[in-house]
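Enquirer: Please see the structure below; I have some questions.
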Amino acid sequence: MKKIFVIGLSKFGYYLASELCARGFEVVGIDKNEDRVQEIKEKVSQAIVANATDMKTLRAVGVENADLAIVCIGTSQSDSILTTYNLVELGVKKIIARALNETHGKILEKIGVVELIFPEKDLAVLWARKLKNPDMLEYIPFAENYTIVEFSPRKEFIGKSLREINLINEFGVQIIAIKDVLTDQLTIVPKGNYLLKDSDVLILLGEKKQIDAITQV
């Protein structure tokens, strides 16, 4: 089980920490605002009132033992930058941070953040994709120019085998798994003779342009 520190428990940090804990991670929430800590304490593994801009404080709460630290401070760029710097200095293995703008993001990257979160921008992109491609249920960035999506099969696919719909040759998209939403059964790397049902969800891997092509057919 990964131990994740979520630093900054305003709305974004609150929901992120709560969801991560619900998904089975050990989550430690940190905020200097006591009311925010009290609000989340029943939804995470541990909630601590602490000022993350102070390196001694971070060391005292054991942040060095984190598998991942997520900086969700959303009101002060200086606090975010200083907190991130402290985490790097303390040797935290992986750091993800919320960026308030592009400049803030570039500074965080130079310090040592491995991944940036732009909540409003990321959410807008996700909804734009969903509105354009209503059959796409979930979008996950995978690698540069590649993505993994959950895709509800089109009506003309139902009852056909994977060999018949031939997505790899028609669109260059690989079916890496199929999930039956009724039984919750997951079939990893399904065979060509698998017959699609209306309760199936396809998990696809491909280049973004190829994914867009299949979801717009």
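Every chain in the structure tokens takes a letter, A first, then B, and so on in the order presented; its residues are numbered from 1, and the ligands are numbered from 1 following the presented order.
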Taking the DSSP assignment computed from this structure's backbone, write out as a PyMOL selection string all residues of stretch 32-135 of chain A that belong to strand (DSSP E or B).
Expert: chain A and resi 46-49+68-71+95-98+115-117
Enquirer: Quick one: residues within 7 Å of A:Gln46, only C-alpha atoms counted, chain neighbours fewer than 3 positions away excluded, as an MDAnalysis selection string?
Expert: chainID A and resid 27:29 41
Enquirer: Given only C-alpha atoms as the basis, pick out the residue of A:Ala17, A:Ala66, A:Val71, A:Leu162 nearest to A:Thr84.
Expert: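 Nearest candidate to A:Thr84 out of A:Ala17, A:Ala66, A:Val71, A:Leu162: A:Val71.
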Enquirer: Between A:Ile107, A:Leu202, A:Ile168, A:Ile40, which has the minimum distance to A:Arg154 (counting only C-alpha atoms)?
Expert: A:Leu202
Enquirer: Counting only C-alpha atoms, which of A:His104, A:Arg36, A:Lys209, A:Arg59 gets nearest to A:Glu89?
Expert: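 Among the listed residues, A:Arg59 lies closest to A:Glu89.
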Enquirer: Could you check how far atom CA of A:Pro190 sits from atom CA of A:Glu170, in Å to one decimal?
Expert: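 That distance, rounded to one decimal, is 17.4 Å.
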Enquirer: Between A:Gly112, A:Pro153, A:Gly172, A:Gly8, which has the minimum distance to A:Arg98 (counting only C-alpha atoms)?
Expert: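 Closest to A:Arg98 of all the choices is A:Gly8.
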Enquirer: Fewer than 4 positions away in the same chain doesn't count, so skip those; otherwise give me all residues within 8 Å of A:Cys72, counting only C-alpha atoms, as an mmCIF file with C-alpha atoms, in the first residue's frame.
Expert:
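And here is the file that came out, result.cif:
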data_model
loop_
_atom_site.group_PDB
_atom_site.id
_atom_site.type_symbol
_atom_site.label_atom_id
_atom_site.label_comp_id
_atom_site.auth_asym_id
_atom_site.auth_seq_id
_atom_site.Cartn_x
_atom_site.Cartn_y
_atom_site.Cartn_z
ATOM 1 C CA VAL A 6 -1.710 15.383 0.550
ATOM 2 C CA ILE A 7 -0.624 18.877 1.521
ATOM 3 C CA GLY A 8 -3.283 21.572 1.331
ATOM 4 C CA LEU A 9 -6.843 20.547 2.161
ATOM 5 C CA SER A 10 -8.986 23.156 0.486
ATOM 6 C CA PHE A 12 -9.357 20.149 -4.370
ATOM 7 C CA GLY A 13 -7.051 18.648 -1.747
ATOM 8 C CA SER A 80 3.431 26.029 -2.759
ATOM 9 C CA ALA A 97 1.832 19.546 -7.446
ATOM 10 C CA ARG A 98 -1.131 21.702 -8.279
#
Enquirer: Fewer than 3 positions away in the same chain doesn't count, so skip those; otherwise give me all residues within 10 Å of A:Met55, counting only C-alpha atoms, as a list in words.
Expert: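 What passes the distance filter is Asn51, Ala52, Leu58, Arg59, Ala60, Val63, Leu82, Thr83, Tyr85, Asn86, Leu87, Glu89 and Leu90 of chain A.
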